[in-house]
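One file, final-v8.pdb, carrying PDB, C-alpha atoms:
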ATOM      1  CA  MET L   1     -52.049  -4.136 -91.446
ATOM      2  CA  GLY L   2     -55.106  -6.028 -90.233
ATOM      3  CA  THR L   3     -54.314  -8.999 -92.436
ATOM      4  CA  GLN L   4     -50.800  -9.161 -91.042
ATOM      5  CA  THR L   5     -52.249  -9.880 -87.598
ATOM      6  CA  PHE L   6     -54.023 -12.938 -89.005
ATOM      7  CA  VAL L   7     -50.852 -14.141 -90.694
ATOM      8  CA  LEU L   8     -48.916 -13.787 -87.432
ATOM      9  CA  ALA L   9     -51.533 -15.803 -85.548
ATOM     10  CA  TYR L  10     -51.489 -18.455 -88.267
ATOM     11  CA  ALA L  11     -47.684 -18.670 -88.312
ATOM     12  CA  SER L  12     -47.506 -19.011 -84.533
ATOM     13  CA  LYS L  13     -49.896 -21.975 -84.644
ATOM     14  CA  TYR L  14     -48.507 -23.613 -87.797
ATOM     15  CA  TYR L  15     -44.767 -23.648 -87.104
ATOM     16  CA  PRO L  16     -43.168 -25.569 -84.214
ATOM     17  CA  VAL L  17     -41.941 -23.555 -81.235
ATOM     18  CA  ARG L  18     -38.287 -23.892 -82.268
ATOM     19  CA  MET L  19     -39.015 -22.124 -85.584
ATOM     20  CA  GLY L  20     -41.706 -19.724 -84.394
ATOM     21  CA  ALA L  21     -39.514 -16.644 -84.034
ATOM     22  CA  THR L  22     -38.081 -17.095 -87.521
ATOM     23  CA  ALA L  23     -41.545 -17.564 -89.026
ATOM     24  CA  LEU L  24     -42.877 -14.467 -87.302
ATOM     25  CA  GLY L  25     -39.831 -12.475 -88.427
ATOM     26  CA  TRP L  26     -40.357 -13.446 -92.061
ATOM     27  CA  ALA L  27     -44.079 -12.676 -91.841
ATOM     28  CA  LEU L  28     -43.371  -9.252 -90.349
ATOM     29  CA  GLY L  29     -40.688  -8.563 -92.980
ATOM     30  CA  PHE L  30     -43.006  -9.278 -95.898
ATOM     31  CA  GLY L  31     -45.768  -7.315 -94.197
ATOM     32  CA  ARG L  32     -43.476  -4.295 -94.048
ATOM     33  CA  LEU L  33     -42.978  -4.494 -97.815
ATOM     34  CA  GLY L  34     -46.705  -4.028 -98.285
ATOM     35  CA  SER L  35     -46.709  -1.163 -95.803
ATOM     36  CA  MET L  36     -43.980   0.598 -97.775
ATOM     37  CA  LEU L  37     -45.364  -0.050-101.269
ATOM     38  CA  ALA L  38     -49.059   0.727-100.676
ATOM     39  CA  PRO L  39     -48.881   4.517-100.074
ATOM     40  CA  PRO L  40     -46.848   5.317-103.229
ATOM     41  CA  LEU L  41     -49.066   3.012-105.299
ATOM     42  CA  LEU L  42     -52.226   4.683-104.020
ATOM     43  CA  GLY L  43     -50.631   8.087-104.638
ATOM     44  CA  LEU L  44     -49.910   7.118-108.237
ATOM     45  CA  ILE L  45     -53.507   6.007-108.721
ATOM     46  CA  ILE L  46     -54.857   9.289-107.358
ATOM     47  CA  GLY L  47     -52.262  11.307-109.299
ATOM     48  CA  ALA L  48     -53.205   9.557-112.533
ATOM     49  CA  GLY L  49     -56.761  10.811-112.120
ATOM     50  CA  LEU L  50     -58.320   7.366-111.844
ATOM     51  CA  ALA L  51     -61.525   6.876-109.890
ATOM     52  CA  TYR L  52     -61.230   6.204-106.176
ATOM     53  CA  GLN L  53     -62.557   2.671-106.709
ATOM     54  CA  TRP L  54     -59.138   1.748-108.101
ATOM     55  CA  ASN L  55     -57.671   2.329-104.640
ATOM     56  CA  PHE L  56     -59.938  -0.402-103.349
ATOM     57  CA  TYR L  57     -58.922  -2.740-106.180
ATOM     58  CA  ALA L  58     -55.235  -2.026-105.571
ATOM     59  CA  LEU L  59     -55.622  -3.156-101.945
ATOM     60  CA  ALA L  60     -58.200  -5.925-102.431
ATOM     61  CA  VAL L  61     -56.356  -7.898-105.121
ATOM     62  CA  PRO L  62     -53.175  -8.504-103.064
ATOM     63  CA  GLY L  63     -55.347  -9.354-100.046
ATOM     64  CA  PHE L  64     -57.311 -11.892-102.063
ATOM     65  CA  ILE L  65     -54.114 -13.419-103.459
ATOM     66  CA  GLY L  66     -52.660 -13.665 -99.938
ATOM     67  CA  ALA L  67     -55.800 -15.361 -98.620
ATOM     68  CA  ALA L  68     -55.734 -17.850-101.485
ATOM     69  CA  LEU L  69     -52.063 -18.649-100.886
ATOM     70  CA  ILE L  70     -52.639 -19.201 -97.161
ATOM     71  CA  GLY L  71     -55.501 -21.521 -98.071
ATOM     72  CA  LEU L  72     -53.061 -23.628-100.090
ATOM     73  CA  VAL L  73     -50.715 -24.203 -97.136
ATOM     74  CA  PRO L  74     -51.153 -27.776 -95.871
ATOM     75  CA  ARG L  75     -52.150 -28.495 -92.295
ATOM     76  CA  ALA L  76     -49.377 -28.974 -89.795
ATOM     77  CA  PRO L  77     -48.341 -32.632 -89.437
ATOM     78  CA  GLY L  78     -50.223 -34.404 -86.675
ATOM     79  CA  GLU L  79     -53.035 -31.861 -86.584
ATOM     80  CA  LYS L  80     -56.489 -33.408 -86.721
ATOM     81  CA  ALA L  81     -59.136 -32.167 -89.100
ATOM     82  CA  PRO L  82     -61.815 -29.930 -87.559
ATOM     83  CA  MET L  83     -65.082 -31.561 -86.573
ATOM     84  CA  GLY L  84     -67.274 -32.145 -89.602
ATOM     85  CA  HIS L  85     -64.407 -32.170 -92.111
ATOM     86  CA  ALA L  86     -62.985 -35.246 -93.783
ATOM     87  CA  SER L  87     -59.843 -36.573 -92.161
ATOM     88  CA  THR L  88     -56.714 -37.416 -94.133
ATOM     89  CA  ASP L  89     -56.550 -41.052 -92.998
ATOM     90  CA  GLY L  90     -59.346 -42.154 -95.327
ATOM     91  CA  ALA L  91     -61.869 -42.893 -92.561
ATOM     92  CA  MET L  92     -65.137 -41.052 -92.911
ATOM     93  CA  ARG L  93     -67.641 -40.190 -90.257
ATOM     94  CA  SER L  94     -71.201 -41.157 -91.071
ATOM     95  CA  LEU L  95     -73.963 -38.569 -90.896
ATOM     96  CA  PRO L  96     -76.598 -38.941 -88.190
ATOM     97  CA  GLU L  97     -79.946 -40.330 -89.259
ATOM     98  CA  PRO L  98     -82.763 -37.759 -89.501
ATOM     99  CA  ILE L  99     -85.411 -37.977 -86.805
TER     100      ILE L  99
END

Full structure transcribed into structure tokens:
Amino acid sequence: MGTQTFVLAYASKYYPVRMGATALGWALGFGRLGSMLAPPLLGLIIGAGLAYQWNFYALAVPGFIGAALIGLVPRAPGEKAPMGHASTDGAMRSLPEPI
């Protein structure tokens, strides 16, 4: 549920205003799938007699995969690279000389 908040903030910044509601709707829809599937999965893990650490793994692995997939999404067109990062136009900023 906490990760879904980050995805909503990311989608609202990434997509243009005309597509924002659709993007947020899709993000909320997929988030609801996780909300519905997690409790039965965790119940199966506990019912199978596995250690409680497996509950953490069952929640951490999808979170890690989601973070990696969001990292693969390209920047929005026209957005400049953050300060200190290489830009996409090939020009590089030189480092300041040490004092």

(message) Nearest residue to Gly34 in chain L out of L:Ala68, L:Val73, L:Ala58, L:Leu8, using only C-alpha atoms?
(response) L:Ala58

(request) For a cut-off of 10 Å around (-53.1, -6.3, -99.3), file coordinates, pick out all residues using all atoms listed in the file and list them as a PyMOL selection string. (result) chain L and resi 1-4+31+34-35+38+56-67

(request) Report the distance between CA of Gly25 in chain L and CA of Leu72 in chain L in Å, rounded to one decimal place. (result) 20.9 Å

(request) Between CA of Met36 in chain L and CA of Pro74 in chain L, measure the distance and give it in Å to one decimal. (result)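 Between CA of Met36 in chain L and CA of Pro74 in chain L the gap is 29.3 Å.
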
(request) Considering all atoms listed in the file, state which residue in the set L:Ile70, L:Trp54, L:Leu37, L:Ala48 is at the smallest distance from Tyr14 in chain L. (result)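 Ranked by minimum distance to Tyr14 in chain L, first place goes to L:Ile70.
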
(request) Figure out the distance between CA of Ala11 in chain L and CA of Leu24 in chain L, please, to one decimal in Å. (result)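 The value is 6.5 Å.
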
Using the file's own x, y and z axes, what box holds all listed atoms of range 9-18 of chain L with 6 Å on each side, keeping edges along x, y and z, and what are its centre and edge lengths in Å to one decimal, as lines of an AutoDock Vina configuration file?
center_x = -44.9
center_y = -20.7
center_z = -84.8
size_x = 25.2
size_y = 21.8
size_z = 19.1

(message) Would you pick out the contacts of range 21-23 of chain L at 12 Å or less, using only C-alpha atoms, so that residues sharing its chain but fewer than 5 positions from it are not included, and give the list as an MDAnalysis selection string?
(response) chainID L and resid 7:16 28:30
